[in-house]
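S.K.: Got a file for you: my_file13.tsv, TSV, C-alpha atoms and all ligand atoms.
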chain	number	residue	atom	x	y	z
U	12	MET	CA	75.58	7.92	-8.71
U	13	LYS	CA	76.75	10.19	-5.85
U	14	LEU	CA	77.90	13.42	-7.43
U	15	LYS	CA	79.72	15.38	-4.86
U	16	LYS	CA	83.11	15.78	-6.50
U	17	ILE	CA	83.21	17.17	-10.02
U	18	LEU	CA	86.05	18.60	-12.07
U	19	GLY	CA	85.11	22.20	-12.92
U	20	ILE	CA	86.90	23.98	-15.77
U	21	ASP	CA	86.65	27.62	-16.84
U	22	ILE	CA	87.75	28.58	-20.36
U	23	GLY	CA	88.92	32.20	-20.34
U	24	GLY	CA	90.48	34.53	-22.90
U	25	SER	CA	93.93	34.16	-21.34
U	26	GLY	CA	93.82	30.94	-19.29
U	27	VAL	CA	91.96	27.66	-18.94
U	28	LYS	CA	91.64	26.84	-15.23
U	29	GLY	CA	90.40	23.73	-13.46
U	30	ALA	CA	90.02	22.26	-9.99
U	31	ILE	CA	88.10	19.47	-8.31
U	32	VAL	CA	85.05	20.92	-6.61
U	33	ASP	CA	82.94	19.81	-3.68
U	34	THR	CA	79.59	20.79	-5.20
U	35	LYS	CA	77.76	20.44	-1.87
U	36	LYS	CA	79.91	23.04	-0.16
U	37	GLY	CA	80.91	25.07	-3.22
U	38	LYS	CA	84.59	24.69	-2.32
U	39	LEU	CA	87.67	23.77	-4.28
U	40	LEU	CA	89.17	20.51	-3.05
U	41	THR	CA	92.44	21.02	-4.94
U	42	LYS	CA	94.61	23.91	-6.06
U	43	ARG	CA	93.59	25.50	-9.35
U	44	TYR	CA	95.57	24.23	-12.32
U	45	ARG	CA	95.95	26.77	-15.11
U	46	ILE	CA	97.16	26.39	-18.68
U	47	PRO	CA	97.42	29.50	-20.91
U	48	THR	CA	94.68	29.59	-23.55
U	49	PRO	CA	96.28	28.38	-26.80
U	50	GLN	CA	96.51	30.91	-29.62
U	51	PRO	CA	94.62	30.67	-31.88
U	52	ALA	CA	92.06	29.29	-29.43
U	53	THR	CA	90.55	26.73	-31.81
U	54	PRO	CA	88.16	24.04	-30.48
U	55	GLU	CA	90.74	21.29	-31.08
U	56	ALA	CA	93.56	23.18	-29.32
U	57	VAL	CA	91.35	23.94	-26.30
U	58	ALA	CA	90.06	20.33	-26.24
U	59	ASN	CA	93.70	19.25	-25.86
U	60	VAL	CA	94.16	21.64	-22.94
U	61	ILE	CA	91.03	20.23	-21.26
U	62	LYS	CA	92.42	16.74	-21.75
U	63	GLU	CA	95.69	17.91	-20.10
U	64	ILE	CA	93.81	19.34	-17.13
U	65	ALA	CA	91.83	16.09	-16.65
U	66	LYS	CA	95.12	14.17	-16.87
U	67	HIS	CA	96.76	16.46	-14.31
U	68	PHE	CA	94.04	15.53	-11.80
U	69	ASP	CA	94.09	11.88	-12.92
U	70	TRP	CA	90.35	12.39	-13.44
U	71	ASN	CA	87.80	10.01	-14.90
U	72	GLY	CA	84.54	11.34	-13.39
U	73	PRO	CA	82.12	13.99	-14.68
U	74	ILE	CA	83.42	17.37	-15.87
U	75	GLY	CA	81.64	20.74	-16.10
U	76	VAL	CA	83.03	23.45	-18.38
U	77	GLY	CA	82.23	27.17	-18.59
U	78	PHE	CA	82.67	28.65	-22.09
U	79	PRO	CA	82.71	32.39	-22.98
U	80	GLY	CA	79.80	32.30	-25.44
U	81	VAL	CA	76.18	31.23	-25.84
U	82	ILE	CA	75.72	27.48	-25.31
U	83	GLN	CA	72.49	25.71	-26.27
U	84	GLN	CA	72.35	22.03	-25.27
U	85	GLY	CA	76.13	21.81	-25.47
U	86	ILE	CA	76.37	23.59	-28.84
U	87	ALA	CA	78.29	26.88	-29.09
U	88	ARG	CA	76.28	29.59	-30.83
U	89	THR	CA	78.60	32.59	-30.37
U	90	ALA	CA	82.31	33.07	-29.65
U	91	ALA	CA	82.95	36.79	-29.14
U	92	ASN	CA	86.43	36.52	-27.63
U	93	VAL	CA	87.56	33.18	-29.00
U	94	ASP	CA	87.99	31.75	-32.50
U	95	ASP	CA	84.96	31.81	-34.86
U	96	SER	CA	85.49	28.13	-35.62
U	97	TRP	CA	83.65	27.33	-32.33
U	98	ILE	CA	80.29	28.36	-33.73
U	99	ASP	CA	77.82	25.47	-34.10
U	100	LYS	CA	80.28	22.91	-32.69
U	101	ASP	CA	78.89	20.38	-30.21
U	102	LEU	CA	81.24	21.00	-27.29
U	103	ASN	CA	79.75	18.34	-25.02
U	104	LYS	CA	80.73	15.80	-27.68
U	105	LEU	CA	84.12	17.31	-28.51
U	106	PHE	CA	85.32	17.51	-24.88
U	107	SER	CA	83.79	14.15	-23.89
U	108	ARG	CA	85.67	12.53	-26.76
U	109	ALA	CA	88.94	14.27	-25.83
U	110	THR	CA	88.80	13.30	-22.14
U	111	GLY	CA	86.84	10.03	-22.16
U	112	CYS	CA	84.66	11.60	-19.41
U	113	THR	CA	81.07	12.91	-19.45
U	114	VAL	CA	81.39	16.63	-20.08
U	115	HIS	CA	78.69	19.32	-19.88
U	116	VAL	CA	79.40	22.80	-21.19
U	117	VAL	CA	77.54	25.97	-20.21
U	118	ASN	CA	78.01	29.71	-20.63
U	119	ASP	CA	80.79	30.94	-18.30
U	120	ALA	CA	78.80	33.79	-16.78
U	121	ASP	CA	75.81	31.52	-16.11
U	122	ALA	CA	78.18	29.16	-14.29
U	123	ALA	CA	79.71	31.96	-12.20
U	124	GLY	CA	76.23	33.30	-11.43
U	125	MET	CA	75.00	29.92	-10.18
U	126	ALA	CA	77.97	29.66	-7.81
U	127	GLU	CA	77.57	33.19	-6.53
U	128	LEU	CA	73.83	32.71	-5.98
U	129	LYS	CA	74.19	29.47	-4.07
U	130	PHE	CA	77.45	30.01	-2.17
U	131	GLY	CA	78.40	33.67	-2.48
U	132	VAL	CA	76.97	37.11	-2.02
U	133	GLY	CA	73.63	36.20	-3.65
U	134	LYS	CA	72.89	33.47	-1.09
U	135	GLY	CA	69.36	33.77	0.29
U	136	LYS	CA	68.65	37.02	-1.62
U	137	LYS	CA	65.21	37.50	-3.14
U	138	GLY	CA	64.16	39.72	-6.04
U	139	THR	CA	66.01	40.38	-9.29
U	140	LEU	CA	69.75	39.93	-9.00
U	141	MET	CA	72.11	40.72	-11.82
U	142	LEU	CA	75.67	39.44	-11.94
U	143	ILE	CA	78.09	41.06	-14.38
U	144	THR	CA	81.48	39.44	-14.93
U	145	VAL	CA	83.99	42.08	-15.93
U	146	GLY	CA	87.02	40.62	-17.67
U	147	THR	CA	87.98	40.14	-21.32
U	148	GLY	CA	84.26	40.49	-22.05
U	149	LEU	CA	81.16	41.49	-20.11
U	150	GLY	CA	79.17	38.43	-19.03
U	151	THR	CA	75.64	39.00	-17.76
U	152	VAL	CA	73.31	36.85	-15.67
U	153	ILE	CA	69.89	37.61	-14.23
U	154	PHE	CA	68.16	35.64	-11.50
U	155	THR	CA	64.68	36.32	-10.33
U	156	ASP	CA	63.76	34.62	-7.06
U	157	GLY	CA	66.55	32.14	-7.66
U	158	LYS	CA	65.65	31.23	-11.28
U	159	LEU	CA	68.16	31.76	-14.08
U	160	VAL	CA	67.38	32.63	-17.69
U	161	PRO	CA	70.42	31.18	-19.53
U	162	ASN	CA	72.56	32.88	-22.19
U	163	LEU	CA	71.63	36.52	-21.66
U	164	GLU	CA	74.05	38.64	-23.65
U	165	PHE	CA	73.69	42.18	-22.28
U	166	GLY	CA	77.44	42.63	-22.63
U	167	HIS	CA	76.76	43.31	-26.30
U	168	LEU	CA	74.32	46.19	-25.88
U	169	MET	CA	75.13	49.12	-28.11
U	170	LEU	CA	76.78	52.03	-26.30
U	171	HIS	CA	77.96	55.07	-28.29
U	172	GLY	CA	77.23	53.11	-31.46
U	173	ALA	CA	79.52	50.22	-30.56
U	174	ASP	CA	79.45	46.95	-28.65
U	175	ALA	CA	79.36	47.84	-24.91
U	176	GLU	CA	81.96	45.18	-24.18
U	177	LEU	CA	84.54	47.03	-26.31
U	178	TYR	CA	83.84	50.23	-24.36
U	179	ALA	CA	83.46	49.04	-20.78
U	180	SER	CA	85.10	45.64	-20.18
U	181	ASP	CA	88.26	45.29	-18.12
U	182	ALA	CA	90.12	44.47	-21.36
U	183	SER	CA	89.00	47.86	-22.76
U	184	ARG	CA	90.64	49.49	-19.71
U	185	THR	CA	93.96	47.70	-20.13
U	186	ASN	CA	94.01	47.75	-23.97
U	187	ASN	CA	93.41	51.50	-24.04
U	188	ASN	CA	95.65	52.29	-21.03
U	189	LEU	CA	92.76	54.00	-19.24
U	190	GLU	CA	93.12	55.35	-15.70
U	191	TRP	CA	90.75	53.67	-13.26
U	192	ASP	CA	88.51	56.75	-12.90
U	193	THR	CA	88.20	57.22	-16.67
U	194	TRP	CA	87.25	53.59	-17.10
U	195	ALA	CA	84.93	53.76	-14.06
U	196	GLY	CA	83.01	56.56	-15.84
U	197	ARG	CA	82.55	54.27	-18.86
U	198	PHE	CA	81.50	51.34	-16.71
U	199	ASN	CA	79.04	53.53	-14.84
U	200	GLU	CA	77.45	54.58	-18.16
U	201	TYR	CA	77.07	50.90	-18.98
U	202	LEU	CA	75.44	50.13	-15.62
U	203	LEU	CA	73.04	53.06	-15.97
U	204	ARG	CA	71.95	51.72	-19.37
U	205	ILE	CA	71.45	48.27	-17.82
U	206	GLU	CA	69.44	49.82	-15.03
U	207	GLU	CA	67.22	51.68	-17.51
U	208	LEU	CA	66.40	48.37	-19.24
U	209	ILE	CA	66.35	45.79	-16.46
U	210	TRP	CA	66.01	47.43	-13.04
U	211	PRO	CA	67.78	44.80	-10.94
U	212	ASP	CA	67.39	44.99	-7.15
U	213	LEU	CA	71.06	44.16	-6.64
U	214	ILE	CA	74.06	44.23	-8.99
U	215	ILE	CA	76.93	41.84	-8.27
U	216	ILE	CA	80.26	42.45	-9.98
U	217	GLY	CA	82.44	39.41	-10.65
U	218	GLY	CA	85.34	38.55	-12.97
U	219	GLY	CA	88.89	39.87	-12.88
U	220	ALA	CA	87.98	43.52	-12.20
U	221	SER	CA	86.03	42.62	-9.06
U	222	LYS	CA	89.30	42.22	-7.13
U	223	ARG	CA	89.93	45.95	-7.65
U	224	TRP	CA	86.41	47.03	-6.70
U	225	ASP	CA	87.76	49.80	-4.45
U	226	LYS	CA	89.13	51.54	-7.58
U	227	PHE	CA	85.76	51.98	-9.28
U	228	PHE	CA	82.83	51.38	-6.94
U	229	PRO	CA	83.04	54.95	-5.57
U	230	HIS	CA	82.32	56.25	-9.11
U	231	LEU	CA	79.12	54.26	-9.64
U	232	SER	CA	75.72	55.94	-9.39
U	233	THR	CA	73.05	53.29	-10.02
U	234	LYS	CA	69.97	53.23	-7.81
U	235	ALA	CA	70.52	49.51	-7.17
U	236	PRO	CA	73.29	48.70	-4.70
U	237	VAL	CA	76.45	47.30	-6.31
U	238	VAL	CA	78.48	44.65	-4.45
U	239	ALA	CA	81.56	42.59	-5.30
U	240	ALA	CA	81.23	38.85	-5.87
U	241	GLU	CA	82.56	36.76	-2.99
U	242	LEU	CA	83.89	33.74	-4.84
U	243	MET	CA	85.99	35.92	-7.18
U	244	ASN	CA	88.00	33.80	-9.60
U	245	GLU	CA	86.73	30.53	-8.15
U	246	ALA	CA	83.11	31.18	-9.17
U	247	GLY	CA	83.54	30.04	-12.78
U	248	ILE	CA	85.07	26.70	-11.76
U	249	VAL	CA	82.62	26.04	-8.91
U	250	GLY	CA	79.62	27.00	-11.07
U	251	ALA	CA	80.71	24.82	-14.02
U	252	ALA	CA	80.94	21.85	-11.65
U	253	MET	CA	77.50	22.63	-10.17
U	254	VAL	CA	75.88	22.76	-13.58
U	255	SER	CA	77.50	19.49	-14.60
U	256	LYS	CA	76.08	17.86	-11.48
U	257	TYR	CA	72.63	19.11	-12.44
U	258	TYR	CA	72.81	17.63	-15.97
U	259	ASN	CA	74.28	14.34	-14.76
U	260	LYS	CA	71.39	13.95	-12.33
U	261	LEU	CA	68.89	14.68	-15.10
U	262	ASN	CA	70.40	11.92	-17.22
U	263	ALA	CA	70.95	9.41	-14.39
Z	301	LIG	C1	80.23	36.55	-24.35
Z	301	LIG	C2	79.45	35.96	-23.20
Z	301	LIG	C3	80.39	35.68	-22.04
Z	301	LIG	C4	81.16	36.93	-21.66
Z	301	LIG	C5	82.16	36.70	-20.56
Z	301	LIG	C6	80.99	37.77	-23.87
Z	301	LIG	O1	81.74	38.28	-24.92
Z	301	LIG	O2	79.38	36.91	-25.43
Z	301	LIG	O3	78.79	34.80	-23.60
Z	301	LIG	O4	79.66	35.21	-20.95
Z	301	LIG	O5	81.85	37.44	-22.79
Z	301	LIG	O6	83.12	35.77	-20.92
For this file, write the structure as structure tokens.
Ligand code: BGC

M.R.:
Amino acid sequence: MKLKKILGIDIGGSGVKGAIVDTKKGKLLTKRYRIPTPQPATPEAVANVIKEIAKHFDWNGPIGVGFPGVIQQGIARTAANVDDSWIDKDLNKLFSRATGCTVHVVNDADAAGMAELKFGVGKGKKGTLMLITVGTGLGTVIFTDGKLVPNLEFGHLMLHGADAELYASDASRTNNNLEWDTWAGRFNEYLLRIEELIWPDLIIIGGGASKRWDKFFPHLSTKAPVVAAELMNEAGIVGAAMVSKYYNKLNA
């Protein structure tokens, strides 16, 4: 089977977005189609949204989905910013049943990281790269010489006795009405803690906040250079499609 075009879908805290992706070039072949994340975001409600997105594109090929939690072989193990009823559900099965297509689900940050490494700012870079998606949560990905360790959850480090994500995500900035420089101070503390533990050679910032990098990069003081992701809000969709291609090939 030639797997060039894949429907990539990114499940986020506020929207579920999809587009058809050329996985060879890492480019969207269609406009993104977005449906607000249903509230409560139960597995069944989100499965319906995924079905709607597939229908919108009149799609019956393979689908890759990025999910904001730990995914082991298609099974959700955590669900920090979505409903607890996701835990231990087989999402490959649930979404395949809903759409009638072959669906592979992976962690959203892992998907974004894959796209950024292959087609974005990480392209051709050696050493230890860390990508942090800064949005509703903090998603973390580490590559060393191009190899990914899946499901790393450094967004949940403890900082000031609480989950780092509640202190330094973009949602913590908006929910607490923080000025950019106040929030940048918090985010810098987070990055310094990451640096103490992991020592990446390069830190790439993705997710919603990366569009406003000029507001907070000047406040950062890590030894590792910090750069903004290039694919921005397309990375999650492109990466989900890339991962699906990988699994479909494995099972071909
Ligand atoms: C989740 C991660 C996810 C990140 C970004 C965190 O709360 O635990 O799995 O990658 O949010 O969505």

S.K.: Using only C-alpha atoms and all ligand atoms, find each residue of chain U with at least one atom at most 6 Å away from an atom of ligand LIG 301 (chain Z); report its shortest atom-to-atom pair and that distance in Å (one decimal), sort the rows by chain and rising residue number, and return the result as JSON lines.

M.R.:
{"residue": "U:Pro79", "atom": "CA", "partner": "Z:LIG301", "partner_atom": "O6", "distance": 4.0}
{"residue": "U:Gly80", "atom": "CA", "partner": "Z:LIG301", "partner_atom": "O3", "distance": 3.3}
{"residue": "U:Val81", "atom": "CA", "partner": "Z:LIG301", "partner_atom": "O3", "distance": 5.0}
{"residue": "U:Ala91", "atom": "CA", "partner": "Z:LIG301", "partner_atom": "O1", "distance": 4.6}
{"residue": "U:Asn92", "atom": "CA", "partner": "Z:LIG301", "partner_atom": "O1", "distance": 5.7}
{"residue": "U:Asn118", "atom": "CA", "partner": "Z:LIG301", "partner_atom": "O4", "distance": 5.8}
{"residue": "U:Asp119", "atom": "CA", "partner": "Z:LIG301", "partner_atom": "O4", "distance": 5.2}
{"residue": "U:Ala120", "atom": "CA", "partner": "Z:LIG301", "partner_atom": "O4", "distance": 4.5}
{"residue": "U:Gly148", "atom": "CA", "partner": "Z:LIG301", "partner_atom": "O5", "distance": 4.0}
{"residue": "U:Leu149", "atom": "CA", "partner": "Z:LIG301", "partner_atom": "C4", "distance": 4.8}
{"residue": "U:Gly150", "atom": "CA", "partner": "Z:LIG301", "partner_atom": "C4", "distance": 3.6}
{"residue": "U:Glu164", "atom": "CA", "partner": "Z:LIG301", "partner_atom": "O2", "distance": 5.9}

S.K.: Grab the CA of Val238 in chain U to CA of Gly172 in chain U distance for me, in Å with one decimal place.

M.R.: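 Those two atoms sit 28.3 Å apart.
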
S.K.: So the first atom is CA of Gly166 in chain U and the second is CA of Phe154 in chain U; what is the distance between them in Å, to one decimal place?

M.R.: 16.1 Å

S.K.: Can you pull out every residue within 10 Å of Ile98 in chain U, counting all atoms listed in the file, but drop anything in the same chain fewer than 2 positions away, and send it as an NGL selection string?

M.R.: :U and (54 or 80-82 or 86-91 or 93-96 or 100-102)

S.K.: Find the residue from U:Ala240, U:Ile22, U:Val152, U:Ile17 that sits nearest to Ala52 in chain U; use only C-alpha atoms when measuring.

M.R.: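 Ranked by minimum distance to Ala52 in chain U, first place goes to U:Ile22.
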
S.K.: Within 12 Å of range 126-141 of chain U, counting only C-alpha atoms, which residues show up once you throw out same-chain ones fewer than 6 positions away? Write them as a ChimeraX atom specification, please.

M.R.: /U:19,32-39,77,119-120,150-160,163,165,202,205-206,209-218,235-254

S.K.: Using all atoms listed in the file, which of U:Trp97, U:Phe106, U:Phe78, U:Tyr257 sits nearest Ala65 in chain U?

M.R.: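 Smallest distance to Ala65 in chain U is found for U:Phe106.
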
S.K.: Could you jot down the CA of Trp224 in chain U to CA of Gly124 in chain U separation for me, Å, one decimal place?

M.R.: 17.7 Å

S.K.: Using only C-alpha atoms, which of the listed residues (U:Thr48, U:Asn59, U:Ser180, U:Thr113) sits closest to Ile74 in chain U?

M.R.: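 The answer is U:Thr113, which sits nearest to Ile74 in chain U.
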
S.K.: Looking at all atoms listed in the file, which of U:Glu200, U:Glu63, U:Glu207, U:Asp192 is the one that sits closest to Asp225 in chain U?

M.R.: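 Distance minimum relative to Asp225 in chain U lands on U:Asp192.
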
S.K.: I need the residue nearest Asp69 in chain U from this list: U:Ala30, U:Ala122, U:Ala179, U:Leu231. Use all atoms listed in the file for the distance.

M.R.: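 Residue with the minimum atom-to-atom distance to Asp69 in chain U: U:Ala30.
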
S.K.: Point out the residue among U:Leu177, U:Ile61, U:Ala220, U:Leu40 with the least atom-to-atom distance to Ile143 in chain U, counting all atoms listed in the file.

M.R.: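 Among the listed residues, U:Ala220 lies closest to Ile143 in chain U.
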
S.K.: Since the input has fewer atoms than a full residue there, write range 13-43 of chain U out with N, CA and C atoms, as a PDB file, in the coordinates of the input.

M.R.:
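Below is the file selection.pdb, written as the result:
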ATOM      1  N   LYS U  13      76.588   9.059  -6.776  1.00  0.00           N
ATOM      2  CA  LYS U  13      76.750  10.190  -5.850  1.00  0.00           C
ATOM      3  C   LYS U  13      77.652  11.215  -6.523  1.00  0.00           C
ATOM      4  N   LEU U  14      77.134  12.430  -6.688  1.00  0.00           N
ATOM      5  CA  LEU U  14      77.900  13.420  -7.430  1.00  0.00           C
ATOM      6  C   LEU U  14      78.298  14.562  -6.525  1.00  0.00           C
ATOM      7  N   LYS U  15      79.302  14.330  -5.748  1.00  0.00           N
ATOM      8  CA  LYS U  15      79.720  15.380  -4.860  1.00  0.00           C
ATOM      9  C   LYS U  15      80.947  16.080  -5.443  1.00  0.00           C
ATOM     10  N   LYS U  16      81.876  15.235  -5.942  1.00  0.00           N
ATOM     11  CA  LYS U  16      83.110  15.780  -6.500  1.00  0.00           C
ATOM     12  C   LYS U  16      83.006  15.842  -8.011  1.00  0.00           C
ATOM     13  N   ILE U  17      83.248  17.013  -8.558  1.00  0.00           N
ATOM     14  CA  ILE U  17      83.210  17.170 -10.020  1.00  0.00           C
ATOM     15  C   ILE U  17      84.397  18.036 -10.433  1.00  0.00           C
ATOM     16  N   LEU U  18      84.986  17.738 -11.568  1.00  0.00           N
ATOM     17  CA  LEU U  18      86.050  18.600 -12.070  1.00  0.00           C
ATOM     18  C   LEU U  18      85.406  19.777 -12.799  1.00  0.00           C
ATOM     19  N   GLY U  19      85.646  20.980 -12.295  1.00  0.00           N
ATOM     20  CA  GLY U  19      85.110  22.200 -12.920  1.00  0.00           C
ATOM     21  C   GLY U  19      86.223  22.877 -13.707  1.00  0.00           C
ATOM     22  N   ILE U  20      85.894  23.333 -14.919  1.00  0.00           N
ATOM     23  CA  ILE U  20      86.900  23.980 -15.770  1.00  0.00           C
ATOM     24  C   ILE U  20      86.310  25.265 -16.350  1.00  0.00           C
ATOM     25  N   ASP U  21      87.105  26.325 -16.322  1.00  0.00           N
ATOM     26  CA  ASP U  21      86.650  27.620 -16.840  1.00  0.00           C
ATOM     27  C   ASP U  21      87.553  28.018 -18.009  1.00  0.00           C
ATOM     28  N   ILE U  22      86.962  28.167 -19.194  1.00  0.00           N
ATOM     29  CA  ILE U  22      87.750  28.580 -20.360  1.00  0.00           C
ATOM     30  C   ILE U  22      87.713  30.115 -20.430  1.00  0.00           C
ATOM     31  N   GLY U  23      88.867  30.739 -20.287  1.00  0.00           N
ATOM     32  CA  GLY U  23      88.920  32.200 -20.340  1.00  0.00           C
ATOM     33  C   GLY U  23      89.730  32.661 -21.542  1.00  0.00           C
ATOM     34  N   GLY U  24      89.732  33.967 -21.773  1.00  0.00           N
ATOM     35  CA  GLY U  24      90.480  34.530 -22.900  1.00  0.00           C
ATOM     36  C   GLY U  24      91.983  34.337 -22.745  1.00  0.00           C
ATOM     37  N   SER U  25      92.481  34.304 -21.487  1.00  0.00           N
ATOM     38  CA  SER U  25      93.930  34.160 -21.340  1.00  0.00           C
ATOM     39  C   SER U  25      94.343  32.835 -20.680  1.00  0.00           C
ATOM     40  N   GLY U  26      93.441  32.197 -19.928  1.00  0.00           N
ATOM     41  CA  GLY U  26      93.820  30.940 -19.290  1.00  0.00           C
ATOM     42  C   GLY U  26      92.648  29.977 -19.204  1.00  0.00           C
ATOM     43  N   VAL U  27      92.977  28.677 -19.196  1.00  0.00           N
ATOM     44  CA  VAL U  27      91.960  27.660 -18.940  1.00  0.00           C
ATOM     45  C   VAL U  27      92.301  27.089 -17.570  1.00  0.00           C
ATOM     46  N   LYS U  28      91.345  27.182 -16.623  1.00  0.00           N
ATOM     47  CA  LYS U  28      91.640  26.840 -15.230  1.00  0.00           C
ATOM     48  C   LYS U  28      90.717  25.732 -14.753  1.00  0.00           C
ATOM     49  N   GLY U  29      91.244  24.808 -13.973  1.00  0.00           N
ATOM     50  CA  GLY U  29      90.400  23.730 -13.460  1.00  0.00           C
ATOM     51  C   GLY U  29      90.754  23.378 -12.034  1.00  0.00           C
ATOM     52  N   ALA U  30      89.786  22.783 -11.336  1.00  0.00           N
ATOM     53  CA  ALA U  30      90.020  22.260  -9.990  1.00  0.00           C
ATOM     54  C   ALA U  30      88.905  21.278  -9.691  1.00  0.00           C
ATOM     55  N   ILE U  31      89.163  20.384  -8.744  1.00  0.00           N
ATOM     56  CA  ILE U  31      88.100  19.470  -8.310  1.00  0.00           C
ATOM     57  C   ILE U  31      87.276  20.223  -7.266  1.00  0.00           C
ATOM     58  N   VAL U  32      85.953  20.104  -7.419  1.00  0.00           N
ATOM     59  CA  VAL U  32      85.050  20.920  -6.610  1.00  0.00           C
ATOM     60  C   VAL U  32      84.159  20.024  -5.756  1.00  0.00           C
ATOM     61  N   ASP U  33      83.972  20.417  -4.513  1.00  0.00           N
ATOM     62  CA  ASP U  33      82.940  19.810  -3.680  1.00  0.00           C
ATOM     63  C   ASP U  33      81.670  20.614  -3.965  1.00  0.00           C
ATOM     64  N   THR U  34      80.760  20.014  -4.738  1.00  0.00           N
ATOM     65  CA  THR U  34      79.590  20.790  -5.200  1.00  0.00           C
ATOM     66  C   THR U  34      78.557  20.977  -4.088  1.00  0.00           C
ATOM     67  N   LYS U  35      78.696  20.231  -2.996  1.00  0.00           N
ATOM     68  CA  LYS U  35      77.760  20.440  -1.870  1.00  0.00           C
ATOM     69  C   LYS U  35      78.126  21.696  -1.105  1.00  0.00           C
ATOM     70  N   LYS U  36      79.444  21.902  -0.963  1.00  0.00           N
ATOM     71  CA  LYS U  36      79.910  23.040  -0.160  1.00  0.00           C
ATOM     72  C   LYS U  36      80.322  24.229  -1.033  1.00  0.00           C
ATOM     73  N   GLY U  37      80.460  23.998  -2.343  1.00  0.00           N
ATOM     74  CA  GLY U  37      80.910  25.070  -3.220  1.00  0.00           C
ATOM     75  C   GLY U  37      82.363  25.431  -2.985  1.00  0.00           C
ATOM     76  N   LYS U  38      83.174  24.427  -2.643  1.00  0.00           N
ATOM     77  CA  LYS U  38      84.590  24.690  -2.320  1.00  0.00           C
ATOM     78  C   LYS U  38      85.511  23.905  -3.236  1.00  0.00           C
ATOM     79  N   LEU U  39      86.671  24.499  -3.508  1.00  0.00           N
ATOM     80  CA  LEU U  39      87.670  23.770  -4.280  1.00  0.00           C
ATOM     81  C   LEU U  39      88.361  22.764  -3.363  1.00  0.00           C
ATOM     82  N   LEU U  40      88.512  21.539  -3.856  1.00  0.00           N
ATOM     83  CA  LEU U  40      89.170  20.510  -3.050  1.00  0.00           C
ATOM     84  C   LEU U  40      90.646  20.394  -3.410  1.00  0.00           C
ATOM     85  N   THR U  41      91.038  21.054  -4.499  1.00  0.00           N
ATOM     86  CA  THR U  41      92.440  21.020  -4.940  1.00  0.00           C
ATOM     87  C   THR U  41      92.861  22.450  -5.276  1.00  0.00           C
ATOM     88  N   LYS U  42      94.135  22.633  -5.530  1.00  0.00           N
ATOM     89  CA  LYS U  42      94.610  23.910  -6.060  1.00  0.00           C
ATOM     90  C   LYS U  42      94.100  24.062  -7.480  1.00  0.00           C
ATOM     91  N   ARG U  43      93.970  25.299  -7.949  1.00  0.00           N
ATOM     92  CA  ARG U  43      93.590  25.500  -9.350  1.00  0.00           C
ATOM     93  C   ARG U  43      94.776  25.160 -10.235  1.00  0.00           C
TER      94      ARG U  43
END
